[in-house]
>>> print(open('protein-v6.tsv').read())   # TSV, C-alpha atoms
chain	number	residue	atom	x	y	z
A	18	MET	CA	28.81	-10.72	53.24
A	19	LEU	CA	25.61	-12.06	51.66
A	20	LEU	CA	26.50	-10.47	48.31
A	21	ALA	CA	29.99	-12.00	48.44
A	22	LEU	CA	28.54	-15.40	49.29
A	23	LEU	CA	25.93	-15.30	46.52
A	24	GLY	CA	28.52	-14.09	44.01
A	25	SER	CA	30.85	-16.95	44.87
A	26	VAL	CA	28.07	-19.55	44.75
A	27	THR	CA	26.61	-18.40	41.43
A	28	PHE	CA	30.03	-18.14	39.79
A	29	ALA	CA	30.82	-21.66	41.00
A	30	GLY	CA	27.86	-22.95	38.99
A	31	LYS	CA	29.46	-21.94	35.66
A	32	ALA	CA	31.48	-25.14	35.33
A	33	ILE	CA	28.43	-27.27	36.16
A	34	ILE	CA	26.35	-25.61	33.43
A	35	VAL	CA	29.16	-26.00	30.89
A	36	LYS	CA	29.54	-29.72	31.70
A	37	LEU	CA	25.77	-30.21	31.35
A	38	ALA	CA	25.81	-28.48	27.95
A	39	PHE	CA	28.68	-30.64	26.71
A	40	ARG	CA	26.45	-33.69	27.25
A	41	HIS	CA	24.31	-32.49	24.32
A	42	GLY	CA	27.19	-32.71	21.84
A	43	VAL	CA	28.02	-29.01	21.53
A	44	ASP	CA	31.66	-27.94	21.11
A	45	ALA	CA	33.53	-25.27	23.07
A	46	VAL	CA	33.55	-22.71	20.22
A	47	THR	CA	29.77	-22.82	19.81
A	48	LEU	CA	29.06	-22.98	23.54
A	49	ILE	CA	31.16	-19.98	24.50
A	50	MET	CA	29.66	-18.02	21.59
A	51	LEU	CA	26.16	-18.64	22.94
A	52	ARG	CA	27.18	-17.65	26.44
A	53	MET	CA	28.80	-14.42	25.26
A	54	LEU	CA	25.97	-13.63	22.83
A	55	PHE	CA	23.47	-13.57	25.69
A	56	ALA	CA	25.90	-11.82	28.06
A	57	LEU	CA	26.86	-9.01	25.64
A	58	PRO	CA	23.75	-6.83	26.22
A	59	LEU	CA	24.19	-7.15	29.99
A	60	PHE	CA	27.85	-6.10	30.00
A	61	ALA	CA	27.25	-3.32	27.47
A	62	ALA	CA	24.51	-1.95	29.72
A	63	MET	CA	26.85	-2.26	32.70
A	64	ALA	CA	29.54	-0.24	30.91
A	65	TRP	CA	27.03	2.42	29.88
A	66	TRP	CA	25.61	2.72	33.39
A	67	ALA	CA	29.03	3.01	35.04
A	68	GLY	CA	30.19	5.54	32.42
A	69	ARG	CA	27.31	8.00	32.75
A	70	GLY	CA	28.53	11.53	33.33
A	71	ARG	CA	32.17	10.53	32.91
A	72	PRO	CA	34.49	11.68	30.10
A	73	PRO	CA	34.58	9.47	26.97
A	74	LEU	CA	37.48	7.12	26.36
A	75	GLY	CA	40.41	8.27	24.27
A	76	ARG	CA	42.17	6.20	21.63
A	77	ARG	CA	44.77	4.97	24.11
A	78	ASP	CA	42.05	4.00	26.59
A	79	TRP	CA	40.21	2.00	23.95
A	80	ALA	CA	43.44	0.25	22.98
A	81	GLY	CA	43.94	-0.76	26.62
A	82	VAL	CA	40.35	-1.97	26.96
A	83	VAL	CA	40.60	-4.08	23.78
A	84	TRP	CA	43.90	-5.62	24.89
A	85	LEU	CA	42.58	-6.46	28.35
A	86	GLY	CA	39.36	-7.83	26.93
A	87	ALA	CA	41.24	-10.03	24.46
A	88	THR	CA	43.73	-11.44	26.97
A	89	GLY	CA	41.88	-11.32	30.26
A	90	TYR	CA	38.39	-12.41	29.24
A	91	TYR	CA	38.26	-13.77	25.70
A	92	LEU	CA	41.34	-15.98	25.84
A	93	ALA	CA	40.84	-16.99	29.47
A	94	SER	CA	37.18	-17.90	28.89
A	95	PHE	CA	37.81	-19.90	25.74
A	96	LEU	CA	40.68	-21.89	27.27
A	97	ASP	CA	38.55	-22.59	30.33
A	98	PHE	CA	35.62	-23.89	28.26
A	99	ALA	CA	37.97	-25.99	26.13
A	100	GLY	CA	39.59	-27.51	29.20
A	101	LEU	CA	36.25	-28.38	30.81
A	102	ALA	CA	35.60	-30.78	27.94
A	103	TYR	CA	38.35	-33.02	29.35
A	104	ILE	CA	38.40	-32.62	33.15
A	105	SER	CA	35.92	-32.55	36.00
A	106	ALA	CA	34.33	-29.38	37.28
A	107	SER	CA	36.06	-29.96	40.63
A	108	LEU	CA	39.57	-29.98	39.19
A	109	GLU	CA	38.78	-26.97	36.99
A	110	ARG	CA	37.68	-24.91	39.98
A	111	LEU	CA	40.75	-25.88	42.01
A	112	ILE	CA	43.10	-24.86	39.19
A	113	LEU	CA	41.33	-21.51	38.72
A	114	TYR	CA	41.57	-20.97	42.46
A	115	LEU	CA	45.36	-20.80	42.17
A	116	ASN	CA	45.02	-17.36	40.57
A	117	PRO	CA	46.25	-15.32	43.60
A	118	THR	CA	49.48	-17.32	43.71
A	119	LEU	CA	50.09	-16.73	40.00
A	120	VAL	CA	49.56	-12.98	40.45
A	121	PHE	CA	52.34	-12.87	43.01
A	122	ALA	CA	54.55	-15.21	40.98
A	123	LEU	CA	54.16	-12.99	37.92
A	124	GLY	CA	54.94	-9.95	40.04
A	125	TRP	CA	58.11	-11.67	41.23
A	126	VAL	CA	59.15	-12.51	37.64
A	127	LEU	CA	58.33	-9.11	36.10
A	128	TYR	CA	58.94	-6.69	38.95
A	129	ARG	CA	61.17	-8.68	41.33
A	130	ARG	CA	58.64	-8.34	44.14
A	131	ARG	CA	59.65	-10.27	47.23
A	132	ILE	CA	57.65	-13.37	48.15
A	133	ALA	CA	57.41	-13.87	51.91
A	134	ARG	CA	58.01	-17.28	53.50
A	135	ALA	CA	54.33	-17.63	54.45
A	136	GLN	CA	53.34	-16.96	50.87
A	137	ALA	CA	55.75	-19.59	49.57
A	138	VAL	CA	54.40	-22.12	52.07
A	139	GLY	CA	50.81	-21.33	51.08
A	140	MET	CA	51.64	-21.72	47.39
A	141	ALA	CA	53.29	-25.08	48.02
A	142	ILE	CA	50.28	-26.35	49.99
A	143	SER	CA	47.82	-25.21	47.30
A	144	TYR	CA	49.75	-26.74	44.41
A	145	LEU	CA	50.10	-30.00	46.34
A	146	GLY	CA	46.30	-30.13	46.63
A	147	VAL	CA	45.86	-29.61	42.88
A	148	VAL	CA	48.47	-32.28	42.15
A	149	LEU	CA	46.53	-34.78	44.30
A	150	VAL	CA	43.26	-34.24	42.41
A	151	PHE	CA	45.09	-34.02	39.07
A	152	GLY	CA	46.83	-37.34	39.71
A	153	LEU	CA	43.49	-39.00	40.36
A	154	GLU	CA	42.03	-37.73	37.08
A	155	VAL	CA	45.09	-38.70	35.05
A	156	HIS	CA	44.86	-42.19	36.52
A	157	ARG	CA	41.20	-42.41	35.46
A	158	GLN	CA	41.27	-40.60	32.09
A	159	GLY	CA	44.87	-40.58	30.91
A	160	ALA	CA	46.26	-37.96	28.56
A	161	ASP	CA	42.89	-36.22	28.09
A	162	ALA	CA	42.94	-35.09	31.72
A	163	ALA	CA	46.48	-33.75	31.35
A	164	TRP	CA	45.48	-31.77	28.25
A	165	GLY	CA	42.36	-30.40	29.92
A	166	ALA	CA	44.28	-29.36	33.04
A	167	LEU	CA	46.87	-27.63	30.88
A	168	LEU	CA	44.17	-25.65	29.05
A	169	VAL	CA	42.54	-24.53	32.31
A	170	PHE	CA	45.91	-23.61	33.79
A	171	ALA	CA	46.67	-21.56	30.67
A	172	SER	CA	43.30	-19.87	31.20
A	173	THR	CA	44.34	-18.97	34.74
A	174	VAL	CA	47.66	-17.58	33.51
A	175	SER	CA	45.87	-15.49	30.88
A	176	TYR	CA	43.54	-13.99	33.48
A	177	THR	CA	46.52	-13.37	35.76
A	178	PHE	CA	48.10	-11.13	33.12
A	179	TYR	CA	44.85	-9.19	33.02
A	180	LEU	CA	44.86	-8.68	36.80
A	181	VAL	CA	48.49	-7.63	36.90
A	182	HIS	CA	48.19	-5.09	34.08
A	183	SER	CA	44.69	-3.72	34.73
A	184	GLY	CA	45.53	-1.63	37.80
A	185	GLU	CA	46.02	1.65	35.95
A	186	MET	CA	42.88	1.17	33.86
A	187	VAL	CA	40.81	0.36	36.94
A	188	ARG	CA	41.94	3.57	38.64
A	189	LYS	CA	41.13	5.60	35.53
A	190	LEU	CA	37.84	4.05	34.42
A	191	GLY	CA	36.52	2.38	37.56
A	192	ALA	CA	36.16	-1.35	38.12
A	193	ILE	CA	32.59	-1.85	36.88
A	194	ARG	CA	33.06	0.30	33.78
A	195	LEU	CA	36.27	-1.52	32.86
A	196	VAL	CA	34.73	-4.94	33.42
A	197	GLY	CA	31.71	-4.00	31.32
A	198	LEU	CA	33.81	-2.67	28.44
A	199	ALA	CA	36.49	-5.38	28.48
A	200	THR	CA	33.95	-8.19	28.72
A	201	SER	CA	31.92	-6.67	25.88
A	202	VAL	CA	35.08	-6.80	23.76
A	203	ALA	CA	35.53	-10.46	24.75
A	204	CYS	CA	31.91	-11.19	23.82
A	205	VAL	CA	32.41	-9.72	20.34
A	206	LEU	CA	35.64	-11.69	19.86
A	207	CYS	CA	33.92	-14.96	20.84
A	208	ILE	CA	31.13	-14.29	18.35
A	209	VAL	CA	33.62	-13.42	15.59
A	210	GLN	CA	35.61	-16.56	16.40
A	211	PHE	CA	32.49	-18.67	15.92
A	212	LEU	CA	31.65	-17.00	12.60
A	213	LEU	CA	35.20	-17.68	11.35
A	214	LEU	CA	35.44	-21.30	12.53
A	215	ARG	CA	31.90	-22.65	12.28
A	216	PRO	CA	29.06	-22.36	9.77
A	217	LEU	CA	26.18	-20.20	10.94
A	218	SER	CA	23.93	-23.25	10.79
A	219	ALA	CA	25.86	-24.76	13.71
A	220	ALA	CA	24.22	-22.25	16.06
A	221	LEU	CA	20.78	-23.21	14.79
A	222	GLU	CA	21.39	-26.94	15.18
A	223	VAL	CA	22.23	-26.97	18.89
A	224	ALA	CA	19.80	-28.70	21.21
A	225	ALA	CA	17.25	-26.52	23.00
A	226	PRO	CA	18.69	-27.33	26.46
A	227	VAL	CA	22.06	-25.87	25.33
A	228	VAL	CA	20.39	-22.55	24.54
A	229	TRP	CA	18.65	-22.34	27.90
A	230	LEU	CA	21.77	-23.42	29.73
A	231	SER	CA	23.69	-20.69	27.91
A	232	VAL	CA	21.11	-18.08	28.94
A	233	LEU	CA	21.41	-19.26	32.54
A	234	ASN	CA	25.21	-19.20	32.30
A	235	ALA	CA	25.25	-15.68	30.84
A	236	THR	CA	22.91	-14.21	33.44
A	237	LEU	CA	23.17	-16.11	36.71
A	238	CYS	CA	26.76	-17.36	36.45
A	239	THR	CA	28.47	-14.56	34.48
A	240	ALA	CA	26.90	-11.11	34.82
A	241	ALA	CA	25.26	-11.50	38.24
A	242	PRO	CA	28.41	-12.66	40.09
A	243	VAL	CA	30.43	-9.73	38.70
A	244	VAL	CA	27.90	-7.21	40.00
A	245	MET	CA	27.45	-8.93	43.36
A	246	VAL	CA	31.18	-9.27	44.02
A	247	MET	CA	31.80	-5.63	43.07
A	248	MET	CA	29.01	-4.51	45.41
A	249	ALA	CA	30.44	-6.70	48.16
A	250	VAL	CA	33.91	-5.17	47.72
A	251	GLU	CA	32.37	-1.70	48.02
A	252	ARG	CA	30.69	-2.64	51.30
A	253	ILE	CA	33.13	-4.88	53.16
A	254	GLY	CA	36.42	-4.56	51.20
A	255	ALA	CA	38.41	-6.86	48.94
A	256	GLY	CA	39.97	-8.93	51.74
A	257	PRO	CA	36.76	-10.18	53.41
A	258	THR	CA	35.16	-10.68	49.98
A	259	ALA	CA	38.07	-12.90	48.91
A	260	GLN	CA	37.88	-14.85	52.17
A	261	ILE	CA	34.17	-15.55	51.66
A	262	GLY	CA	34.94	-16.51	48.06
A	263	MET	CA	36.90	-19.49	49.36
A	264	ILE	CA	33.62	-21.36	49.50
A	265	GLY	CA	33.65	-21.46	45.67
A	266	PRO	CA	35.61	-24.72	45.18
A	267	LEU	CA	33.52	-26.45	47.85
A	268	VAL	CA	30.29	-25.41	46.13
A	269	THR	CA	31.55	-26.57	42.74
A	270	ILE	CA	32.54	-29.97	44.11
A	271	LEU	CA	29.19	-30.37	45.89
A	272	LEU	CA	27.23	-29.41	42.75
A	273	GLY	CA	29.43	-31.71	40.66
A	274	VAL	CA	28.55	-34.62	42.92
A	275	LEU	CA	24.82	-33.83	43.14
A	276	ILE	CA	24.14	-32.73	39.56
A	277	LEU	CA	26.87	-34.26	37.39
A	278	GLY	CA	27.40	-37.46	39.36
A	279	GLU	CA	31.13	-36.80	39.75
A	280	PRO	CA	32.82	-39.02	42.36
A	281	LEU	CA	33.60	-37.67	45.80
A	282	THR	CA	36.69	-39.49	47.02
A	283	ALA	CA	39.10	-39.02	49.89
A	284	TRP	CA	41.70	-37.75	47.39
A	285	ILE	CA	39.37	-35.02	46.14
A	286	ILE	CA	38.44	-33.98	49.67
A	287	ALA	CA	42.09	-33.93	50.74
A	288	GLY	CA	43.14	-31.96	47.65
A	289	THR	CA	40.38	-29.40	48.14
A	290	VAL	CA	41.26	-28.92	51.82
A	291	LEU	CA	44.91	-28.39	50.87
A	292	VAL	CA	44.08	-25.85	48.15
A	293	VAL	CA	41.74	-23.79	50.35
A	294	ALA	CA	44.12	-23.97	53.32
A	295	GLY	CA	47.08	-23.01	51.14
A	296	ILE	CA	45.27	-19.98	49.71
A	297	LEU	CA	44.26	-18.94	53.23
A	298	VAL	CA	47.89	-19.13	54.39
A	299	PHE	CA	49.01	-17.35	51.22
A	300	THR	CA	46.58	-14.43	51.53
A	301	ARG	CA	47.44	-13.91	55.18
A	302	GLY	CA	51.12	-13.94	54.30
A	303	ALA	CA	50.47	-11.43	51.53
A	304	ARG	CA	48.84	-9.02	53.99
A	305	VAL	CA	51.75	-9.35	56.41
A	306	ALA	CA	54.31	-8.83	53.63
A	307	ALA	CA	52.53	-5.81	52.13
A	308	PRO	CA	54.30	-2.49	52.85
A	309	PRO	CA	52.38	0.11	54.87
A	310	ILE	CA	50.58	2.87	53.00
A	311	ASP	CA	51.66	6.39	54.02
>>> encode(input="protein-v6.tsv", output="structure tokens")
Amino acid sequence: MLLALLGSVTFAGKAIIVKLAFRHGVDAVTLIMLRMLFALPLFAAMAWWAGRGRPPLGRRDWAGVVWLGATGYYLASFLDFAGLAYISASLERLILYLNPTLVFALGWVLYRRRIARAQAVGMAISYLGVVLVFGLEVHRQGADAAWGALLVFASTVSYTFYLVHSGEMVRKLGAIRLVGLATSVACVLCIVQFLLLRPLSAALEVAAPVVWLSVLNATLCTAAPVVMVMMAVERIGAGPTAQIGMIGPLVTILLGVLILGEPLTAWIIAGTVLVVAGILVFTRGARVAAPPID
């Protein structure tokens, strides 16, 4: 439980660090490159450690890893960073928290999986909460907030495709090995993207605080949460780990208020309560609707 809690809290700090870095004039392409540059050795080491004594990957396995890394981590991470330039950390975390509902919605679209009534109710409650907070930001910032929310929602959709299609690879490679390999691919793609879109001098001209914030983001808010959550799942299971992870949006909002000076209004509190309550109803409905395992 402690590992799940620490993983949720440290991951929640990612948006705060990104918002702090943006205050120094860095753009999303440069910022995500710095984060992935410092994270690459950690994820490569993670993949090597998890793959010791196991058979090497074949050509088809590598193709799957590259595809998952490109769609599930590279694209999702870049869209998330780009969206954070326009919206608050609180709204970003609430949108990302809709991921379980999108997984089931995609399963319904692609595989015609039935959605139970409790799941539909939970989804409706969660999306109502996001709409409340989104409406407040649109009122304050206009079209920029709408564009930022769209980018973060697209990031959530991209990561949803990764979750839906990674099941077979997880069973074959193991969760930690797959995460290490796929995220290493994403790190390389982010670095290549920077080299194609920005002059190399742009990385040397960033303010010193951006570099240190990127190191902190890569270690404490990227690699560490992955390891802690995986260890928590091994010890207490995915269900309890996900339940404890519900503290994530609350931590992000609290840090946004304390560190970034973001407003804490009744609308934000109400929206957050609705999102967390909706996900709780949704996950319980998902367990009830799941078929028994023979």
>>> residues_near_point(input="protein-v6.tsv", point="(32.3, -16.7, 50.4)", cutoff="12 Å", atoms="only C-alpha atoms", output="compact mmCIF listing (two decimals) with C-alpha atoms, keeping the file's coordinate frame")
# COMPACT_ATOMS: atom_id res chain seq x y z
CA MET A 18 28.81 -10.72 53.24
CA LEU A 19 25.61 -12.06 51.66
CA LEU A 20 26.50 -10.47 48.31
CA ALA A 21 29.99 -12.00 48.44
CA LEU A 22 28.54 -15.40 49.29
CA LEU A 23 25.93 -15.30 46.52
CA GLY A 24 28.52 -14.09 44.01
CA SER A 25 30.85 -16.95 44.87
CA VAL A 26 28.07 -19.55 44.75
CA THR A 27 26.61 -18.40 41.43
CA PHE A 28 30.03 -18.14 39.79
CA ALA A 29 30.82 -21.66 41.00
CA PRO A 242 28.41 -12.66 40.09
CA MET A 245 27.45 -8.93 43.36
CA VAL A 246 31.18 -9.27 44.02
CA ALA A 249 30.44 -6.70 48.16
CA VAL A 250 33.91 -5.17 47.72
CA ALA A 255 38.41 -6.86 48.94
CA GLY A 256 39.97 -8.93 51.74
CA PRO A 257 36.76 -10.18 53.41
CA THR A 258 35.16 -10.68 49.98
CA ALA A 259 38.07 -12.90 48.91
CA GLN A 260 37.88 -14.85 52.17
CA ILE A 261 34.17 -15.55 51.66
CA GLY A 262 34.94 -16.51 48.06
CA MET A 263 36.90 -19.49 49.36
CA ILE A 264 33.62 -21.36 49.50
CA GLY A 265 33.65 -21.46 45.67
CA PRO A 266 35.61 -24.72 45.18
CA LEU A 267 33.52 -26.45 47.85
CA VAL A 268 30.29 -25.41 46.13
CA VAL A 293 41.74 -23.79 50.35
>>> closest_atom_pairs(input="protein-v6.tsv", of="stretch 131-236 of chain A", to="stretch 281-284 of chain A", cutoff="9 Å", atoms="only C-alpha atoms", output="CSV")
residue,atom,partner,partner_atom,distance
A:Gly146,CA,A:Trp284,CA,8.9
A:Leu149,CA,A:Trp284,CA,6.5
A:Val150,CA,A:Trp284,CA,6.3
A:Leu153,CA,A:Trp284,CA,7.4
>>> residues_around(input="protein-v6.tsv", residues="A:Ala162", least_positions_apart="2", cutoff="10 Å", atoms="only C-alpha atoms", output="PyMOL selection string")
chain A and resi 100-105+108+151-160+164-168
>>> residues_around(input="protein-v6.tsv", residues="A:Leu96", least_positions_apart="5", cutoff="7 Å", atoms="all atoms listed in the file", output="compact mmCIF listing (two decimals) with C-alpha atoms, in the coordinates of the input")
# COMPACT_ATOMS: atom_id res chain seq x y z
CA LEU A 168 44.17 -25.65 29.05
CA VAL A 169 42.54 -24.53 32.31
CA ALA A 171 46.67 -21.56 30.67
CA SER A 172 43.30 -19.87 31.20
>>> atom_distance(input="protein-v6.tsv", atom1="atom CA of A:Ala64", atom2="atom CA of A:Trp229")
24.8 Å
>>> atom_distance(input="protein-v6.tsv", atom1="atom CA of A:Ile33", atom2="atom CA of A:Ile285")
16.7 Å
>>> residues_around(input="protein-v6.tsv", residues="A:Tyr176", least_positions_apart="3", cutoff="6 Å", atoms="only C-alpha atoms", output="PyMOL selection string")
chain A and resi 89+93+173+179
>>> closest_residue(input="protein-v6.tsv", among="A:Pro73, A:Leu195, A:Arg134, A:Ile49", to="A:Met247", atoms="only C-alpha atoms")
A:Leu195
>>> residues_around(input="protein-v6.tsv", residues="stretch 211-223 of chain A", least_positions_apart="5", cutoff="12 Å", atoms="all atoms listed in the file", output="PyMOL selection string")
chain A and resi 38-54+95+204-206+228-231
>>> atom_distance(input="protein-v6.tsv", atom1="atom CA of A:Ser175", atom2="atom CA of A:Thr239")
17.8 Å
>>> closest_residue(input="protein-v6.tsv", among="A:Ala106, A:Ile253, A:Leu57, A:Leu37", to="A:Thr269", atoms="only C-alpha atoms")
A:Ala106
>>> residues_around(input="protein-v6.tsv", residues="A:Trp84", least_positions_apart="6", cutoff="10 Å", atoms="all atoms listed in the file", output="list in words")
Asp78, Tyr90, Tyr91, Tyr179, Ala199, Val202 and Ala203 of chain A
